[in-house]
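Participant: Once you've had a glance at the structure underneath, I'll fire off some questions.
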Amino acid sequence: MQLEDFSIKGFRSLDEVGPIPVKRPTVLIGHNDAGKTATLSALKFLLGRTQLSSEDRTISGAGAGGDIERVAVTLIEGRFSCSAAEQEQLQVEALIRLRRIAEIDSAPRYEILQSVPEDVRLRTIDSLKVQDLAILASDLGVETPGDGRRRDTFLNPLREFATHSPRIDTWTTASPSIVRALPILVTFESTAQPDPESQVRSALQATYDLLLSTDSVRDTIAGLESQVTAQLASDANQLCSHIASRCPDLQEVEVTPLVSFKSGFSSVTLRASLDGEEQISLQRAGAGRKQRVTLAVWEWVSLLTGDSPTRDTVICYDEPDTHLDYARQRDFLDLIHAQCAQENVRMVLATHSLNLIDRVDIAQVVQLELVDNRTSVDQLLTDAHAEIDEFLMRITNSLGVRNSVLLNERCFLIVEGETERICMPELFRLHRGLPFQSVGIALMDCGGNEAALRVAKFLIDHGRQVYFLLDADSAIHPQTRKIFSADKLTAYGISEDARLYLGAPNELEELFSDATWVHVANENWTRTDGELWMVDDVTSWRGGGKFSSELLQNFKVNSMSGPQSKPEMMVTLVNSLNSPDDVPQQLRSHFDTVLTAASSG
């Protein structure tokens, strides 16, 4: 089962938070005490790695005597996707909702949201005895032909009756097999000093959990648990009889022993020697060596999760780069991408590192903020370019970084005007599957203003990489030649390699085929004369004046719904594209040039 997202209610500062997506990876950011570590702890509780203490319950107020009052119910709910094999084995849907709930004075329990008969009596028929099944069948008017002494005589008709009876969605106790199928959790936490022994323990705990999930080991353990449970049950019955004899006022005494060997792995010792010297505990090693060992442990987890796993895995990192120097931070960034490339791995990572944030898709970043002692979640909910920029601004503010950090990108791409500013982000996303911001490219709109050249020169003088993406005729067109002439660009330090020209031969609109323009026009701009737009129409416009002007004029004049501006016309075209191959080859080549520069920056 793969964890898609999770929601939290009544856990520390997380009064009611979520859903928080679990991606490859999800990056949690925010001020100290904003709730990052609490979020990871809630995830551990959901996946069964921790129990709940009274201090984990959200504070609800102060009692009459000044005592702290806490919520009565804490629950963490996850949405899990299940493979076809899991659906058949566990008898569940492709997407399930599973929660772990802890009420005061009760042990935590797992519940699943399921469709069940509205009549509560039909929900437990599989556990009823023959006489109880017979009574229920009689009460419900269910015909039960057959031997009245056989359980199936009543059970099968009641099952059929339950299948066709009114149903409701409600939370029911999750079966042990569903709980056993939960993803394995591997956690790595930051401490005041690097602690490789703790990291080894976490990694081997994951191996331990994997071993327990294999059929041969699980069957062996189940046999031992059954044997011990049976002996304990026998002793428990004797104990109950003794209690009943001494306490005749008690109507019924029952003790049900529960045995589990799952928590048998508890500790590990890590020792090593250097250059033939005597072995010592790595707790006494220097911080640098501890860092290297820690990274090695994390790398090993990649091998663990990728070796034909029997269960899915969620890896959690809490401030993992706190003790890493810059070189090892880069190694770690490569590591998390390698781990997340594993099909069965999801990851949640808490950090303050802007360097790390810059290396993931911005849609994978979740910002936590503490407001009135309660954590709230802010995450990107749209792919629109302007929304991404606004979100980046909020992130930098939350991390205490000046707004000017938004200029600290690896590469800048300057386009001519509004049309390119609107369309290029969508064309790049279609080509590469990522927004400009997530790969370190800052898009700037020149807007016909020479000030953009001054900004470009400033960036170049300070070691930044700057590219201009221009229509091929920009150096000679009356509206743009004053800014984009070869002499002007050279004067501002824009090299020929940094000038990326578009057109076949003159402008962006020419790169899209006549058939593409005709398809878009017939889908969006119906002709007033009722006829269809034809490829020959568009072909003839290429031989006239400026192609984009010819397109706009004809679509505007000959259609009641025609575009009123070039940006509107191009946006409609771009939104009609579905495949990376729909992006013209010339534009893809220019995008790759800029992306290569950004990646090497």
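Labeling convention for the structure tokens: chains A, B, ... as they appear, residues from 1 per chain, ligands from 1 in order of appearance.
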Can you check which parts of region 91-117 of chain A lie within 10 Å of region 30-49 of chain A? Per residue, the shortest pair of atoms and distance in Å to one decimal, counting only C-alpha atoms, sorted by chain and number, as CSV.

Facilitator:
residue,atom,partner,partner_atom,distance
A:Leu98,CA,A:Leu46,CA,8.9
A:Arg99,CA,A:Leu46,CA,6.9
A:Arg100,CA,A:Leu46,CA,5.6
A:Ile101,CA,A:Leu46,CA,8.6
A:Pro108,CA,A:Phe45,CA,9.5
A:Arg109,CA,A:Gly48,CA,10.0
A:Tyr110,CA,A:Leu46,CA,8.8

Participant: I want to know what sits within 12 Å of Asp537 (chain A), based on only C-alpha atoms, with residues of the same chain fewer than 2 positions away left out; could you give that as a list in words?

Facilitator: Asp514, Ala515, Trp517, Val518, Ala521, Glu531, Leu532, Trp533, Met534, Val535, Thr539, Ser540, Trp541, Arg542, Gly543, Gly544, Glu550, Leu551, Asn554 and Phe555 of chain A

Participant: Which neighbours of region 111-122 of chain A fall inside 6 Å, counting only C-alpha atoms, when residues of the same chain fewer than 6 positions from it are skipped, and could you give them as a PDB file with N, CA and C atoms, in the first residue's frame?

Facilitator:
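Heads up, here's the output in out-v5.pdb:
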ATOM      1  N   ARG A  97      -9.298   4.648   2.715  1.00  0.00           N
ATOM      2  CA  ARG A  97      -9.036   5.575   3.820  1.00  0.00           C
ATOM      3  C   ARG A  97      -8.894   4.762   5.100  1.00  0.00           C
ATOM      4  N   LEU A  98      -7.738   4.910   5.735  1.00  0.00           N
ATOM      5  CA  LEU A  98      -7.419   4.148   6.940  1.00  0.00           C
ATOM      6  C   LEU A  98      -6.951   5.127   8.006  1.00  0.00           C
ATOM      7  N   ARG A  99      -7.403   4.958   9.219  1.00  0.00           N
ATOM      8  CA  ARG A  99      -6.991   5.880  10.276  1.00  0.00           C
ATOM      9  C   ARG A  99      -6.599   5.111  11.527  1.00  0.00           C
ATOM     10  N   PRO A 166     -29.629  -2.120   1.908  1.00  0.00           N
ATOM     11  CA  PRO A 166     -29.109  -0.740   1.915  1.00  0.00           C
ATOM     12  C   PRO A 166     -27.773  -0.659   2.653  1.00  0.00           C
ATOM     13  N   ARG A 167     -26.859   0.180   2.117  1.00  0.00           N
ATOM     14  CA  ARG A 167     -25.504   0.259   2.666  1.00  0.00           C
ATOM     15  C   ARG A 167     -25.162   1.706   2.988  1.00  0.00           C
ATOM     16  N   ILE A 168     -24.205   1.875   3.893  1.00  0.00           N
ATOM     17  CA  ILE A 168     -23.682   3.189   4.256  1.00  0.00           C
ATOM     18  C   ILE A 168     -22.166   3.096   4.380  1.00  0.00           C
ATOM     19  N   ASP A 169     -21.486   4.239   4.255  1.00  0.00           N
ATOM     20  CA  ASP A 169     -20.047   4.299   4.495  1.00  0.00           C
ATOM     21  C   ASP A 169     -19.808   4.641   5.958  1.00  0.00           C
ATOM     22  N   THR A 170     -19.049   3.814   6.624  1.00  0.00           N
ATOM     23  CA  THR A 170     -18.761   4.068   8.035  1.00  0.00           C
ATOM     24  C   THR A 170     -17.407   3.490   8.399  1.00  0.00           C
ATOM     25  N   TRP A 171     -16.861   3.931   9.513  1.00  0.00           N
ATOM     26  CA  TRP A 171     -15.563   3.445   9.982  1.00  0.00           C
ATOM     27  C   TRP A 171     -15.754   2.144  10.741  1.00  0.00           C
ATOM     28  N   THR A 172     -15.004   1.131  10.321  1.00  0.00           N
ATOM     29  CA  THR A 172     -15.046  -0.171  10.978  1.00  0.00           C
ATOM     30  C   THR A 172     -13.626  -0.597  11.332  1.00  0.00           C
ATOM     31  N   THR A 173     -13.522  -1.554  12.222  1.00  0.00           N
ATOM     32  CA  THR A 173     -12.206  -2.046  12.638  1.00  0.00           C
ATOM     33  C   THR A 173     -11.477  -2.665  11.451  1.00  0.00           C
ATOM     34  N   ALA A 174     -10.237  -2.229  11.227  1.00  0.00           N
ATOM     35  CA  ALA A 174      -9.435  -2.754  10.121  1.00  0.00           C
ATOM     36  C   ALA A 174      -8.913  -4.140  10.481  1.00  0.00           C
TER      37      ALA A 174
END

Participant: Got a sec: who's within 10 Å of Cys423 (chain A), counting only C-alpha atoms, leaving out chain neighbours fewer than 5 positions off, as a PyMOL selection string?

Facilitator: chain A and resi 385+418+428+567-568+570-575

Participant: Once you have the residues from the selection above, write them out as a PDB file, in the first residue's frame, restricted to C-alpha atoms.

Facilitator:
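Full text of selection.pdb as output:
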ATOM      1  CA  HIS A 385       3.214  30.608 -13.232  1.00  0.00           C
ATOM      2  CA  GLU A 418       3.350  39.554 -22.642  1.00  0.00           C
ATOM      3  CA  PHE A 428       8.308  24.461 -20.919  1.00  0.00           C
ATOM      4  CA  PRO A 567      -1.612  36.835 -26.166  1.00  0.00           C
ATOM      5  CA  GLU A 568      -5.192  35.530 -26.207  1.00  0.00           C
ATOM      6  CA  MET A 570      -1.368  32.126 -28.396  1.00  0.00           C
ATOM      7  CA  VAL A 571      -2.765  31.087 -25.003  1.00  0.00           C
ATOM      8  CA  THR A 572      -5.636  29.329 -26.756  1.00  0.00           C
ATOM      9  CA  LEU A 573      -3.151  27.526 -29.002  1.00  0.00           C
ATOM     10  CA  VAL A 574      -0.848  26.497 -26.151  1.00  0.00           C
ATOM     11  CA  ASN A 575      -3.756  25.210 -24.038  1.00  0.00           C
TER      12      ASN A 575
END

Participant: Would you please work out which residue, of A:Leu443, A:Cys316, A:Ala236, A:Cys247, is nearest to Pro25 (chain A) when using only C-alpha atoms?

Facilitator: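 Result for the nearest residue to Pro25 (chain A): A:Cys316.
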